[in-house]
Each structure stands twice: as structure tokens, then as C-alpha cells.
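K.L.:
Just dropping this structure here.
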Amino acid sequence: MTTTPEQKQKELGTSSSGMEPNLAAALSYVLSIITGVIFFVIEKENKYVRFHAMQAILFGAAWIVLWIVLGIVSLGLIFVPIIGWIINAVIYLGLGLGGFILWLLLMYKAYQGEKFKLPIIGDIAEKNA
């Protein structure tokens, strides 16, 4: 049995932000940590919005840490002519594109009313929502 958009909205409840919960949840990912914090502070009751806001915060923080670690690792590879440069380019391109696609997927799933949980981060977000 499929769920209509009206039924999905009813399941998500109301949001204290004045927006539909699915829109607020999706918007919490737009600027990651910044919008995540804004929606987490504004939303006091809706667990769905608070979950996605917290997951956006944690995703943004993990993304920053990953890029810092990658930057440190790539410093060693820049001194390896050609092969090191190619590996660096592939890593940066792969992670950049993969992260962008994941970011879009998170926004899409939140807008669709789905509680899409990332490994580890999703569990932490669920506990703190």
C-alpha cells in the first residue's frame, strides 16, 4: 500500500518553525552545520526535523574532519611525481563527488519524509534528537 503525500505529512506532524516538517528537514542540510544548528535550535518538538538537523550538523562536521585528514595525507603524495598526483586527483574527485551526491540524497530523502540514517552518524543524531 502506498502512502499519499497528505498521509505522509500527517505522519510527520507539525513543526514549530512554521514550515512543513519535510521542508524544514530538507533545508537543514542546505548549509550543513549552519542550517542544521538553526533548525535544531528553532525546532523544539518535532523529532523528525530535529533528527535531520542533528544529522546535518554531524555530517558537516565529519565532512570537515575528512577533508582535513585528506589534506594531511595528500601532502605526502604531492612529492611522488605523476603517480602521487594522479592518486591525489582521484581521491579528491571521488570524495568530492561522492559527498556531493550523498548531500543531495540526504536532502531528497528528508523532503520525501523518509528518516534516512547514515551509519554511525544517524544513530548519534537519533539519540540527540
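Chain labels follow the order of the C-alpha cells: the first chain is A, the next B, and so on; residue numbering restarts at 1 in every chain, and ligands are counted from 1 in their shown order.
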Applying 8 Å and only C-alpha atoms, which residues near segment 33-49 of chain A remain after dropping the ones on its own chain fewer than 3 positions away? List them as an mmCIF file with C-alpha atoms, in the first residue's frame.

P.N.:
```cif
data_model
loop_
_atom_site.group_PDB
_atom_site.id
_atom_site.type_symbol
_atom_site.label_atom_id
_atom_site.label_comp_id
_atom_site.auth_asym_id
_atom_site.auth_seq_id
_atom_site.Cartn_x
_atom_site.Cartn_y
_atom_site.Cartn_z
ATOM 1 C CA LEU A 12 5.352 13.863 10.231
ATOM 2 C CA GLY A 13 3.216 16.107 12.428
ATOM 3 C CA THR A 14 3.659 19.852 12.734
ATOM 4 C CA SER A 15 6.790 21.936 13.008
ATOM 5 C CA SER A 16 7.373 24.843 15.366
ATOM 6 C CA SER A 17 9.377 26.534 12.590
ATOM 7 C CA PRO A 21 8.332 19.238 8.591
ATOM 8 C CA ASN A 22 9.698 17.651 5.419
ATOM 9 C CA ALA A 24 12.366 22.102 7.323
ATOM 10 C CA ALA A 25 14.223 18.768 7.477
ATOM 11 C CA LEU A 27 16.533 22.740 4.411
ATOM 12 C CA SER A 28 18.572 21.770 7.457
ATOM 13 C CA TYR A 29 21.079 20.133 5.075
ATOM 14 C CA VAL A 30 21.498 23.134 2.751
ATOM 15 C CA HIS A 52 17.626 15.643 10.292
ATOM 16 C CA ALA A 53 19.014 18.871 11.750
ATOM 17 C CA MET A 54 21.343 16.913 14.057
ATOM 18 C CA GLN A 55 22.352 14.560 11.253
ATOM 19 C CA ALA A 56 23.143 17.611 9.068
ATOM 20 C CA ILE A 57 25.363 19.020 11.834
ATOM 21 C CA LEU A 58 27.203 15.730 12.310
ATOM 22 C CA PHE A 59 27.513 15.126 8.558
ATOM 23 C CA GLY A 60 29.031 18.594 8.097
ATOM 24 C CA ALA A 61 31.472 18.091 10.976
ATOM 25 C CA LYS A 115 14.191 9.010 8.003
ATOM 26 C CA ALA A 129 17.074 14.430 18.561
#
```

K.L.:
DSSP on the backbone, then: every residue of chain A marked helix (DSSP H, G or I), written as a PyMOL selection string.

P.N.:
chain A and resi 5-12+21-27+33-42+47-77+83-111+121-128

K.L.:
With only C-alpha atoms as the basis for distance, which of A:Gln112, A:Ser32, A:Ser74, A:Thr4 is at the shortest distance from Gly99 of chain A?

P.N.:
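Checking each of A:Gln112, A:Ser32, A:Ser74, A:Thr4 against Gly99 of chain A, counting only C-alpha atoms, the winner is A:Ser32.
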
K.L.:
Counting only C-alpha atoms, which residue out of A:Leu104, A:Glu6, A:Val73, A:Phe79 sits closest to Ile91 of chain A?

P.N.:
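Among A:Leu104, A:Glu6, A:Val73, A:Phe79, it is A:Val73 that comes nearest to Ile91 of chain A.
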
K.L.:
So which one's closest to Trp67 of chain A, A:Met107, A:Ile83, A:Ala125, A:Leu93? Using only C-alpha atoms, please.

P.N.:
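Smallest distance to Trp67 of chain A is found for A:Leu93.
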
K.L.:
What separation in Å, quoted to one decimal, exists between atom CA of Ile121 of chain A and atom CA of Ala62 of chain A?

P.N.:
8.7 Å

K.L.:
For atom CA of Val90 of chain A and atom CA of Val65 of chain A, determine how far apart the two atoms are, in Å to one decimal place.

P.N.:
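Value for the atom CA of Val90 of chain A-atom CA of Val65 of chain A distance: 18.9 Å.
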